[in-house]
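Have a look at the structure below, then the notes.
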Amino acid sequence: MAVEVVMPKLGMSMKEGTVSVWNKKVGEAVEKGESIASINSEKIEMEIESPANGTVLDIKVSEGEGVPPGTVICQIGNENEQTPESQTKQPDPPKERIKISPAARKIAQSANLDIKTLKGTGPGGRITKADVLQALPDRPNKQAEKAEDRPQASPMRKTIAARMTESLQNSAQLTITMKADITKLTALQKQLNETAQSRYETKLTITDFAARAAVFSLLDHPAMNSVYQDGRLATFEHVHLGVAAALDEGLTVPVIRHAERLPLIELAKKIKWYAKKAREGRLLHDEIEGSTFTITNLGAYGVEHFTPILNPPETGILGVGRMYSAPVYHDGELTKGAILPLSLTFDHRSLDGAPAAAFLSSVKNYLEDPASILL
């Protein structure tokens with residue numbers, strides 16, 4: 001009997017999922033666990049795996065079509081097995097399968113590019129977004145392009161745009177900055193990483209230490225771990241820490257729940273695990289919702305101080321910049337030190353500048369005394 005593959009429900013708030021691309025066509029054999037399609041919903045894009053060995057008997061949802069969770073999107077069964085629908089429907093003509101990412105396909109379709117003429121540079125010859133952009137014809141006056149000729153924004157991009165607009169319109173955001181002398185921290189990091197790698201198969205990064213310092217500081221300054229809504233201020237006893245992760249399609253924020261309960265090494269492993277899931281498109285809706293505070297790191301891009309935008313409805317977000325070398329005084333001697341820029345954006349409706357500065361100073365102090373966040 002044919003097995004029905006349904007649009008999964010990736011979280012309690014998911015209302016619709018869209019099939020980005022079919023990796024298999026009707027009549028093609030599949031193995032259990034093999035990717036048969038890519039789907040997306042708001043901030044998540046993921047692969048749908050075949051639940052059984054067999055043949056794709058029927059595809060019920062077209063590429064680009066959105067359907068509610070639980071909707072049957074295809075059927076898999078034995079070769080030549082007939083489904084009730086296939087007995088009365090002529091099979092679609094076979095299509096040439098071309099490996100192309102969902103984002104690349106959308107841009108190519110919007111630009112009326114024939115993907116058969118494109119050369120893929122991705123794994124296995126897969127056509128990437130960069131390949132499509134490289135193939136776009138030069139246009140002398142791109143400012144005069146008609147809006148309908150431009151690629152449509154992805155569901156993730158639209159969600160980010162809506163949330164960031166909401167964030168700026170519905171809060172009173174202010175950013176303050178400090179610099180932390182992390183000379184001792186970098187030395188400790190170097191000492192710990194050999195053990196962390198051999199015993200826990202992970203490495204401790206500056207982001208891990210900054211996350212730990214932020215968690216401790218939130219416990220010391222609970223007003224930052226709050227939300228202001230409908231004229232009321234609610235303060236959380238727990239810390240559900242959001243750690244921003246940059247993807248080709250946009251930005252997503254996996255949430256590490258009850259981060260206050262995790263020792264440093266476990267927090268570091270969680271951060272890397274969720275970042276990996278984000279890159280592979282395997283995050284669930286419940287894993288990107290419910291954060292009480294967020295950290296974001298642009299240091300890898302050479303950015304020092306910047307202005308993070310609040311992740312609504314949170315009260316604060318900590319930005320970590322690029323570490324750089326500078327002369328510092330240690331024990332009365334001038335030496336080469338390591339400086340870490342910190343940027344804190346907070347909602348002035350929830351708290352004033354002085355308590356926000358006290359929170360950021362706490363983060364700075366923990367980073368400058370790294371032994372205090374190991375216990």
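Naming works like this for the structure tokens: A, B, ... for the chains as they're shown, residue 1 at the start of each chain, ligands 1 onward in shown order.
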
Could you pull the residues within 9 Å of range 60-69 of chain A, counting only C-alpha atoms, minus those fewer than 2 positions along the same chain, as an NGL selection string?
:A and (6-10 or 14-22 or 41 or 58 or 71-75 or 106)

Saved selection, atoms kept: N, CA and C atoms, as a PDB file, in the first residue's frame:
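Below is the file that was written, again_27.pdb:
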```
ATOM      1  N   VAL A   6       3.387  13.747   4.128  1.00  0.00           N
ATOM      2  CA  VAL A   6       2.608  14.946   4.420  1.00  0.00           C
ATOM      3  C   VAL A   6       3.520  16.127   4.738  1.00  0.00           C
ATOM      4  N   MET A   7       2.980  17.320   4.567  1.00  0.00           N
ATOM      5  CA  MET A   7       3.700  18.528   4.975  1.00  0.00           C
ATOM      6  C   MET A   7       3.829  18.503   6.492  1.00  0.00           C
ATOM      7  N   PRO A   8       5.053  18.499   7.023  1.00  0.00           N
ATOM      8  CA  PRO A   8       5.218  18.394   8.476  1.00  0.00           C
ATOM      9  C   PRO A   8       4.837  19.681   9.183  1.00  0.00           C
ATOM     10  N   LYS A   9       4.444  19.552  10.427  1.00  0.00           N
ATOM     11  CA  LYS A   9       4.190  20.719  11.277  1.00  0.00           C
ATOM     12  C   LYS A   9       5.456  20.965  12.080  1.00  0.00           C
ATOM     13  N   LEU A  10       6.153  22.062  11.776  1.00  0.00           N
ATOM     14  CA  LEU A  10       7.462  22.327  12.352  1.00  0.00           C
ATOM     15  C   LEU A  10       7.395  23.093  13.658  1.00  0.00           C
ATOM     16  N   MET A  14       3.170  27.147  13.210  1.00  0.00           N
ATOM     17  CA  MET A  14       3.245  26.998  11.754  1.00  0.00           C
ATOM     18  C   MET A  14       1.858  26.846  11.156  1.00  0.00           C
ATOM     19  N   LYS A  15       1.542  27.670  10.150  1.00  0.00           N
ATOM     20  CA  LYS A  15       0.242  27.625   9.493  1.00  0.00           C
ATOM     21  C   LYS A  15       0.335  27.098   8.063  1.00  0.00           C
ATOM     22  N   GLU A  16       1.518  27.251   7.444  1.00  0.00           N
ATOM     23  CA  GLU A  16       1.652  26.846   6.046  1.00  0.00           C
ATOM     24  C   GLU A  16       3.100  26.530   5.713  1.00  0.00           C
ATOM     25  N   GLY A  17       3.297  25.526   4.888  1.00  0.00           N
ATOM     26  CA  GLY A  17       4.622  25.193   4.384  1.00  0.00           C
ATOM     27  C   GLY A  17       4.599  25.216   2.869  1.00  0.00           C
ATOM     28  N   THR A  18       5.724  25.562   2.267  1.00  0.00           N
ATOM     29  CA  THR A  18       5.822  25.679   0.813  1.00  0.00           C
ATOM     30  C   THR A  18       6.857  24.699   0.285  1.00  0.00           C
ATOM     31  N   VAL A  19       6.514  23.986  -0.780  1.00  0.00           N
ATOM     32  CA  VAL A  19       7.473  23.105  -1.437  1.00  0.00           C
ATOM     33  C   VAL A  19       8.383  23.974  -2.305  1.00  0.00           C
ATOM     34  N   SER A  20       9.655  24.055  -1.943  1.00  0.00           N
ATOM     35  CA  SER A  20      10.606  24.860  -2.710  1.00  0.00           C
ATOM     36  C   SER A  20      11.020  24.155  -3.989  1.00  0.00           C
ATOM     37  N   VAL A  21      11.365  22.878  -3.864  1.00  0.00           N
ATOM     38  CA  VAL A  21      11.832  22.120  -5.027  1.00  0.00           C
ATOM     39  C   VAL A  21      11.639  20.628  -4.780  1.00  0.00           C
ATOM     40  N   TRP A  22      11.246  19.916  -5.822  1.00  0.00           N
ATOM     41  CA  TRP A  22      11.168  18.459  -5.751  1.00  0.00           C
ATOM     42  C   TRP A  22      12.493  17.881  -6.215  1.00  0.00           C
ATOM     43  N   SER A  41       9.211  27.385   5.518  1.00  0.00           N
ATOM     44  CA  SER A  41       8.132  28.026   6.254  1.00  0.00           C
ATOM     45  C   SER A  41       8.733  29.109   7.122  1.00  0.00           C
ATOM     46  N   ASP A  58       3.052   9.550  -6.991  1.00  0.00           N
ATOM     47  CA  ASP A  58       2.221  10.729  -7.286  1.00  0.00           C
ATOM     48  C   ASP A  58       2.776  11.930  -6.542  1.00  0.00           C
ATOM     49  N   THR A  71      -1.073  18.210   5.085  1.00  0.00           N
ATOM     50  CA  THR A  71      -1.513  17.993   3.707  1.00  0.00           C
ATOM     51  C   THR A  71      -0.617  16.963   3.028  1.00  0.00           C
ATOM     52  N   VAL A  72      -1.210  16.015   2.332  1.00  0.00           N
ATOM     53  CA  VAL A  72      -0.437  15.018   1.591  1.00  0.00           C
ATOM     54  C   VAL A  72       0.233  15.702   0.410  1.00  0.00           C
ATOM     55  N   ILE A  73       1.569  15.577   0.330  1.00  0.00           N
ATOM     56  CA  ILE A  73       2.280  16.223  -0.771  1.00  0.00           C
ATOM     57  C   ILE A  73       2.745  15.220  -1.827  1.00  0.00           C
ATOM     58  N   CYS A  74       2.894  13.949  -1.454  1.00  0.00           N
ATOM     59  CA  CYS A  74       3.224  12.931  -2.452  1.00  0.00           C
ATOM     60  C   CYS A  74       2.949  11.555  -1.866  1.00  0.00           C
ATOM     61  N   GLN A  75       3.019  10.537  -2.732  1.00  0.00           N
ATOM     62  CA  GLN A  75       2.804   9.160  -2.306  1.00  0.00           C
ATOM     63  C   GLN A  75       3.955   8.295  -2.806  1.00  0.00           C
ATOM     64  N   LYS A 106      14.549  30.211  -7.545  1.00  0.00           N
ATOM     65  CA  LYS A 106      13.640  31.357  -7.502  1.00  0.00           C
ATOM     66  C   LYS A 106      14.206  32.540  -8.274  1.00  0.00           C
TER      67      LYS A 106
END
```

Among range 87-318 of chain A, which residues carry a DSSP assignment of helix (DSSP H, G or I), reported as a PyMOL selection string?
chain A and resi 102-110+115-117+123-125+129-135+142-144+147-149+155-169+183-200+206-220+222-224+259-261+264-279+285-287+299-301

Taking only range 219-344 of chain A into account, list the residues labelled strand (DSSP E or B) by DSSP (computed from the backbone), as a PyMOL selection string.
chain A and resi 226-229+232-235+241-243+245-246+251-252+255-256+293-297+314+316-320+324-330+333-344

Could you pull the residues within 9 Å of range 332-338 of chain A, counting only C-alpha atoms, minus those fewer than 2 positions along the same chain, as a list in words?
Ala180, Asp181, Ile182, Thr183, Lys184, Leu185, Thr186, Met323, Tyr324, Ser325, Ala326, Pro327, Val328, Tyr329, His330 and Leu340 of chain A

Same residues, all heavy atoms, saved as a CSV table (one decimal), in the first residue's frame:
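And here is the file that came out, part-v8.csv:
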```
chain,number,residue,atom,x,y,z
A,180,ALA,N,35.9,45.4,26.4
A,180,ALA,CA,36.4,44.5,27.4
A,180,ALA,C,37.8,44.1,27.1
A,180,ALA,O,38.2,43.7,26.0
A,180,ALA,CB,35.5,43.3,27.5
A,181,ASP,N,38.7,44.1,28.1
A,181,ASP,CA,40.1,43.7,28.0
A,181,ASP,C,40.1,42.2,28.2
A,181,ASP,O,40.0,41.7,29.4
A,181,ASP,CB,41.0,44.4,29.0
A,181,ASP,CG,42.4,43.9,29.0
A,181,ASP,OD1,42.7,43.0,28.2
A,181,ASP,OD2,43.2,44.4,29.8
A,182,ILE,N,40.2,41.4,27.2
A,182,ILE,CA,40.0,39.9,27.3
A,182,ILE,C,41.4,39.2,27.2
A,182,ILE,O,41.5,38.1,26.7
A,182,ILE,CB,39.0,39.3,26.3
A,182,ILE,CG1,39.4,39.7,24.9
A,182,ILE,CG2,37.6,39.9,26.6
A,182,ILE,CD1,38.6,38.9,23.8
A,183,THR,N,42.4,39.9,27.5
A,183,THR,CA,43.8,39.3,27.5
A,183,THR,C,43.9,38.0,28.3
A,183,THR,O,44.4,37.0,27.8
A,183,THR,CB,44.8,40.3,28.0
A,183,THR,OG1,44.7,41.6,27.3
A,183,THR,CG2,46.2,39.8,27.7
A,184,LYS,N,43.4,38.1,29.5
A,184,LYS,CA,43.4,36.9,30.4
A,184,LYS,C,42.5,35.8,29.8
A,184,LYS,O,42.8,34.6,29.8
A,184,LYS,CB,42.9,37.2,31.8
A,184,LYS,CG,43.8,38.1,32.5
A,184,LYS,CD,43.3,38.4,33.9
A,184,LYS,CE,44.2,39.3,34.7
A,184,LYS,NZ,43.6,39.7,36.1
A,185,LEU,N,41.3,36.2,29.2
A,185,LEU,CA,40.4,35.3,28.6
A,185,LEU,C,41.0,34.5,27.5
A,185,LEU,O,40.8,33.3,27.3
A,185,LEU,CB,39.1,36.0,28.2
A,185,LEU,CG,38.1,35.2,27.4
A,185,LEU,CD1,37.6,34.0,28.3
A,185,LEU,CD2,36.9,36.1,27.0
A,186,THR,N,41.7,35.2,26.6
A,186,THR,CA,42.3,34.5,25.4
A,186,THR,C,43.4,33.5,25.9
A,186,THR,O,43.5,32.5,25.3
A,186,THR,CB,42.9,35.5,24.4
A,186,THR,OG1,43.8,36.4,25.1
A,186,THR,CG2,41.8,36.4,23.8
A,323,MET,N,37.6,41.2,17.8
A,323,MET,CA,38.6,41.4,18.8
A,323,MET,C,39.8,42.0,18.1
A,323,MET,O,40.2,41.6,16.9
A,323,MET,CB,39.0,40.0,19.4
A,323,MET,CG,40.1,40.1,20.4
A,323,MET,SD,40.6,38.4,21.0
A,323,MET,CE,41.3,37.7,19.5
A,324,TYR,N,40.5,42.9,18.7
A,324,TYR,CA,41.7,43.5,18.2
A,324,TYR,C,42.8,43.7,19.3
A,324,TYR,O,42.5,43.7,20.4
A,324,TYR,CB,41.4,44.8,17.5
A,324,TYR,CG,40.9,45.9,18.4
A,324,TYR,CD1,41.7,46.8,19.0
A,324,TYR,CD2,39.5,46.0,18.6
A,324,TYR,CE1,41.2,47.8,19.8
A,324,TYR,CE2,39.0,47.0,19.4
A,324,TYR,CZ,39.8,47.9,20.0
A,324,TYR,OH,39.3,48.9,20.8
A,325,SER,N,44.0,43.9,18.8
A,325,SER,CA,45.1,44.1,19.8
A,325,SER,C,45.3,45.6,20.1
A,325,SER,O,45.1,46.4,19.2
A,325,SER,CB,46.4,43.5,19.2
A,325,SER,OG,46.3,42.1,18.9
A,326,ALA,N,45.7,45.8,21.3
A,326,ALA,CA,45.9,47.2,21.8
A,326,ALA,C,46.8,47.2,23.0
A,326,ALA,O,46.8,46.2,23.8
A,326,ALA,CB,44.6,47.9,22.1
A,327,PRO,N,47.6,48.3,23.2
A,327,PRO,CA,48.4,48.3,24.5
A,327,PRO,C,47.5,48.5,25.7
A,327,PRO,O,46.5,49.2,25.7
A,327,PRO,CB,49.2,49.6,24.3
A,327,PRO,CG,49.1,49.9,22.8
A,327,PRO,CD,47.8,49.4,22.4
A,328,VAL,N,47.8,47.7,26.7
A,328,VAL,CA,47.0,47.7,28.0
A,328,VAL,C,48.0,47.6,29.1
A,328,VAL,O,49.1,47.1,29.0
A,328,VAL,CB,46.0,46.5,28.1
A,328,VAL,CG1,44.9,46.7,27.0
A,328,VAL,CG2,46.7,45.2,28.0
A,329,TYR,N,47.5,48.1,30.3
A,329,TYR,CA,48.3,48.0,31.5
A,329,TYR,C,47.9,46.8,32.3
A,329,TYR,O,46.7,46.7,32.6
A,329,TYR,CB,48.2,49.3,32.4
A,329,TYR,CG,49.0,50.4,31.9
A,329,TYR,CD1,48.5,51.5,31.1
A,329,TYR,CD2,50.4,50.5,32.3
A,329,TYR,CE1,49.3,52.5,30.7
A,329,TYR,CE2,51.2,51.5,31.9
A,329,TYR,CZ,50.7,52.5,31.1
A,329,TYR,OH,51.5,53.6,30.7
A,330,HIS,N,48.8,45.9,32.6
A,330,HIS,CA,48.6,44.8,33.5
A,330,HIS,C,49.7,44.8,34.6
A,330,HIS,O,50.9,44.8,34.3
A,330,HIS,CB,48.7,43.5,32.7
A,330,HIS,CG,47.5,43.2,31.9
A,330,HIS,ND1,47.5,42.3,30.8
A,330,HIS,CD2,46.2,43.7,31.9
A,330,HIS,CE1,46.3,42.3,30.3
A,330,HIS,NE2,45.5,43.1,30.9
A,340,LEU,N,37.9,43.4,23.2
A,340,LEU,CA,36.6,42.9,22.6
A,340,LEU,C,35.6,44.0,22.7
A,340,LEU,O,35.1,44.4,23.7
A,340,LEU,CB,36.2,41.7,23.3
A,340,LEU,CG,34.9,41.0,22.6
A,340,LEU,CD1,35.3,40.4,21.3
A,340,LEU,CD2,34.4,39.9,23.6
```

Hey, what's within 12 Å of Thr117 in chain A if we count only C-alpha atoms and toss same-chain stuff fewer than 3 positions away? As an mmCIF file with N, CA, C and O atoms, in the first residue's frame, please?
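This is the output file selection_2.cif:
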```cif
data_model
loop_
_atom_site.group_PDB
_atom_site.id
_atom_site.type_symbol
_atom_site.label_atom_id
_atom_site.label_comp_id
_atom_site.auth_asym_id
_atom_site.auth_seq_id
_atom_site.Cartn_x
_atom_site.Cartn_y
_atom_site.Cartn_z
ATOM 1 N N ILE A 98 17.489 18.608 -12.588
ATOM 2 C CA ILE A 98 18.619 19.516 -12.506
ATOM 3 C C ILE A 98 18.828 19.865 -11.047
ATOM 4 O O ILE A 98 17.901 20.292 -10.358
ATOM 5 N N ALA A 108 16.450 32.461 -10.689
ATOM 6 C CA ALA A 108 16.486 32.131 -12.111
ATOM 7 C C ALA A 108 15.106 32.275 -12.744
ATOM 8 O O ALA A 108 14.969 32.808 -13.853
ATOM 9 N N ASN A 112 13.895 34.922 -15.662
ATOM 10 C CA ASN A 112 13.621 34.203 -16.908
ATOM 11 C C ASN A 112 14.877 33.538 -17.477
ATOM 12 O O ASN A 112 15.100 33.533 -18.700
ATOM 13 N N LEU A 113 15.716 32.994 -16.581
ATOM 14 C CA LEU A 113 16.908 32.276 -17.007
ATOM 15 C C LEU A 113 16.589 30.794 -17.181
ATOM 16 O O LEU A 113 15.881 30.203 -16.356
ATOM 17 N N ASP A 114 17.080 30.198 -18.246
ATOM 18 C CA ASP A 114 16.925 28.768 -18.473
ATOM 19 C C ASP A 114 17.978 28.045 -17.642
ATOM 20 O O ASP A 114 19.179 28.128 -17.932
ATOM 21 N N GLY A 120 26.674 24.474 -12.671
ATOM 22 C CA GLY A 120 26.712 24.495 -11.215
ATOM 23 C C GLY A 120 28.110 24.278 -10.667
ATOM 24 O O GLY A 120 28.853 23.431 -11.155
ATOM 25 N N ILE A 127 23.585 23.742 -8.822
ATOM 26 C CA ILE A 127 23.592 25.166 -9.158
ATOM 27 C C ILE A 127 23.280 25.968 -7.905
ATOM 28 O O ILE A 127 22.270 25.729 -7.236
ATOM 29 N N ASP A 131 25.937 31.032 -8.669
ATOM 30 C CA ASP A 131 25.988 30.678 -10.088
ATOM 31 C C ASP A 131 24.936 31.439 -10.879
ATOM 32 O O ASP A 131 25.190 31.914 -11.991
ATOM 33 N N VAL A 132 23.733 31.552 -10.312
ATOM 34 C CA VAL A 132 22.654 32.257 -11.003
ATOM 35 C C VAL A 132 22.956 33.748 -11.091
ATOM 36 O O VAL A 132 22.781 34.376 -12.145
ATOM 37 N N ALA A 135 25.301 34.571 -13.747
ATOM 38 C CA ALA A 135 24.756 34.443 -15.097
ATOM 39 C C ALA A 135 23.772 35.544 -15.467
ATOM 40 O O ALA A 135 23.373 35.650 -16.627
ATOM 41 N N LEU A 136 23.361 36.346 -14.487
ATOM 42 C CA LEU A 136 22.416 37.417 -14.787
ATOM 43 C C LEU A 136 23.039 38.425 -15.744
ATOM 44 O O LEU A 136 24.187 38.828 -15.569
#
```

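Counting only C-alpha atoms, the residue from A:Ser362, A:Ser226, A:Ser35, A:Thr294 that sits nearest to Thr345 in chain A is A:Thr294.
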
Given only C-alpha atoms as the counted atoms, nearest of A:Ser110, A:Ala234, A:Ala153, A:Met1 to Glu79 in chain A
A:Met1

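The closest residue to Gly70 in chain A, picked from A:Val5, A:Ala244, A:Leu218, A:Met156 and counting only C-alpha atoms, is A:Val5.
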
Which residue is closest to Glu201 in chain A? Choose from A:Arg126, A:Lys269, A:Arg232, A:His238 and count only C-alpha atoms.
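Checking each of A:Arg126, A:Lys269, A:Arg232, A:His238 against Glu201 in chain A, counting only C-alpha atoms, the winner is A:Lys269.
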
Non-local contacts of range 25-30 of chain A (6 Å; only C-alpha atoms; under 2 positions in same chain excluded) as a ChimeraX atom specification:
/A:53-58

Which residues are near range 311-322 of chain A? Cut-off 7 Å, only C-alpha atoms, ignore same chain within fewer than 6 positions. Put them as a PyMOL selection string.
chain A and resi 167+224-227+292-300+302-305+340-347+350

Would you put the residues from that selection into a file with C-alpha atoms, as a short mmCIF file (atom, residue, chain, number, x, y, z; two decimals), in the first residue's frame?
```cif
data_model
loop_
_atom_site.label_atom_id
_atom_site.label_comp_id
_atom_site.auth_asym_id
_atom_site.auth_seq_id
_atom_site.Cartn_x
_atom_site.Cartn_y
_atom_site.Cartn_z
CA SER A 167 10.94 45.87 16.29
CA MET A 224 17.31 43.09 31.17
CA ASN A 225 15.78 39.62 31.03
CA SER A 226 12.27 40.94 30.55
CA VAL A 227 9.58 41.94 28.08
CA THR A 292 14.33 36.09 26.47
CA PHE A 293 17.62 37.67 25.36
CA THR A 294 19.79 37.42 22.23
CA ILE A 295 23.48 37.70 21.38
CA THR A 296 24.88 38.26 17.89
CA ASN A 297 28.51 38.24 16.73
CA LEU A 298 29.76 40.15 13.67
CA GLY A 299 33.42 39.87 14.61
CA ALA A 300 34.11 37.39 11.82
CA GLY A 302 35.60 42.63 10.72
CA VAL A 303 32.92 44.71 12.48
CA GLU A 304 33.77 46.23 15.85
CA HIS A 305 30.91 48.27 17.35
CA LEU A 340 36.65 42.93 22.58
CA PRO A 341 34.06 45.55 21.53
CA LEU A 342 30.57 45.09 23.02
CA SER A 343 27.36 46.75 21.81
CA LEU A 344 24.13 46.56 23.79
CA THR A 345 20.79 47.61 22.32
CA PHE A 346 17.98 47.83 24.89
CA ASP A 347 14.35 48.90 25.03
CA SER A 350 11.73 48.52 30.01
#
```

Counting only C-alpha atoms, which of A:Gly281, A:His348, A:Ala2, A:Ala358 gets nearest to Pro51 in chain A?
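Of A:Gly281, A:His348, A:Ala2, A:Ala358, the one nearest Pro51 in chain A, counting only C-alpha atoms, is A:Ala2.
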
So that I can see what lies close to Asn23 in chain A, please list as a short mmCIF file (atom, residue, chain, number, x, y, z; two decimals) with N, CA and C atoms, in the first residue's frame the residues with an atom at most 12 Å from it, counting only C-alpha atoms and leaving out residues fewer than 6 positions away in the same chain.
```cif
data_model
loop_
_atom_site.label_atom_id
_atom_site.label_comp_id
_atom_site.auth_asym_id
_atom_site.auth_seq_id
_atom_site.Cartn_x
_atom_site.Cartn_y
_atom_site.Cartn_z
N ALA A 29 12.75 5.98 -8.38
CA ALA A 29 12.95 5.17 -7.17
C ALA A 29 13.57 6.02 -6.06
N VAL A 30 13.19 5.73 -4.81
CA VAL A 30 13.74 6.42 -3.66
C VAL A 30 14.07 5.39 -2.58
N GLU A 34 16.17 9.15 2.05
CA GLU A 34 16.69 9.97 0.96
C GLU A 34 15.83 11.23 0.82
N SER A 35 16.46 12.34 0.50
CA SER A 35 15.74 13.60 0.34
C SER A 35 14.87 13.56 -0.91
N ILE A 36 13.59 13.87 -0.73
CA ILE A 36 12.69 13.89 -1.88
C ILE A 36 12.23 15.30 -2.23
N ALA A 37 12.32 16.23 -1.28
CA ALA A 37 11.89 17.60 -1.56
C ALA A 37 12.46 18.54 -0.52
N SER A 38 12.50 19.83 -0.86
CA SER A 38 12.85 20.88 0.09
C SER A 38 11.60 21.70 0.36
N ILE A 39 11.39 22.05 1.63
CA ILE A 39 10.25 22.87 1.99
C ILE A 39 10.73 24.06 2.81
N GLU A 47 14.90 19.74 4.41
CA GLU A 47 14.69 18.65 3.46
C GLU A 47 13.64 17.69 4.01
N ILE A 48 12.80 17.17 3.11
CA ILE A 48 11.84 16.12 3.47
C ILE A 48 12.43 14.79 3.01
N GLU A 49 12.53 13.83 3.94
CA GLU A 49 13.11 12.53 3.63
C GLU A 49 12.02 11.50 3.38
N SER A 50 12.33 10.56 2.53
CA SER A 50 11.39 9.49 2.22
C SER A 50 11.20 8.59 3.44
N VAL A 56 8.23 6.95 -6.31
CA VAL A 56 7.32 8.08 -6.21
C VAL A 56 6.15 7.83 -7.15
N ILE A 59 2.78 13.09 -7.18
CA ILE A 59 3.16 14.35 -6.55
C ILE A 59 1.93 15.25 -6.56
N GLU A 63 5.82 22.85 -7.04
CA GLU A 63 6.88 23.71 -6.50
C GLU A 63 6.36 25.14 -6.36
N LYS A 95 10.57 14.82 -16.43
CA LYS A 95 11.33 16.05 -16.52
C LYS A 95 12.80 15.75 -16.24
N GLU A 96 13.64 16.51 -16.92
CA GLU A 96 15.07 16.38 -16.67
C GLU A 96 15.36 16.93 -15.28
N ARG A 97 16.03 16.14 -14.47
CA ARG A 97 16.34 16.57 -13.11
C ARG A 97 17.60 17.41 -13.10
N ILE A 98 17.49 18.61 -12.59
CA ILE A 98 18.62 19.52 -12.51
C ILE A 98 18.83 19.87 -11.05
N LYS A 99 20.05 19.67 -10.57
CA LYS A 99 20.36 19.98 -9.18
C LYS A 99 20.52 21.49 -9.03
N ILE A 100 19.67 22.10 -8.24
CA ILE A 100 19.71 23.55 -8.04
C ILE A 100 19.11 23.87 -6.69
N SER A 101 19.71 24.82 -5.96
CA SER A 101 19.20 25.18 -4.65
C SER A 101 17.88 25.94 -4.80
N PRO A 102 16.99 25.89 -3.79
CA PRO A 102 15.72 26.61 -3.87
C PRO A 102 15.90 28.10 -4.13
N ARG A 126 25.67 20.96 -8.30
CA ARG A 126 24.46 21.68 -7.91
C ARG A 126 24.61 23.16 -8.22
#
```

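Separating CA of Val255 in chain A from CA of Glu289 in chain A is a distance of 6.7 Å.
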
Between CA of His221 in chain A and CA of Ile309 in chain A - distance in Å to one decimal
20.4 Å

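When CA of Thr121 in chain A is paired with CA of Ile44 in chain A, their separation reads 24.2 Å.
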
In terms of only C-alpha atoms, the residue from A:Ile265, A:Lys203, A:Leu284, A:Gly290 at minimal distance from Phe236 in chain A is A:Gly290
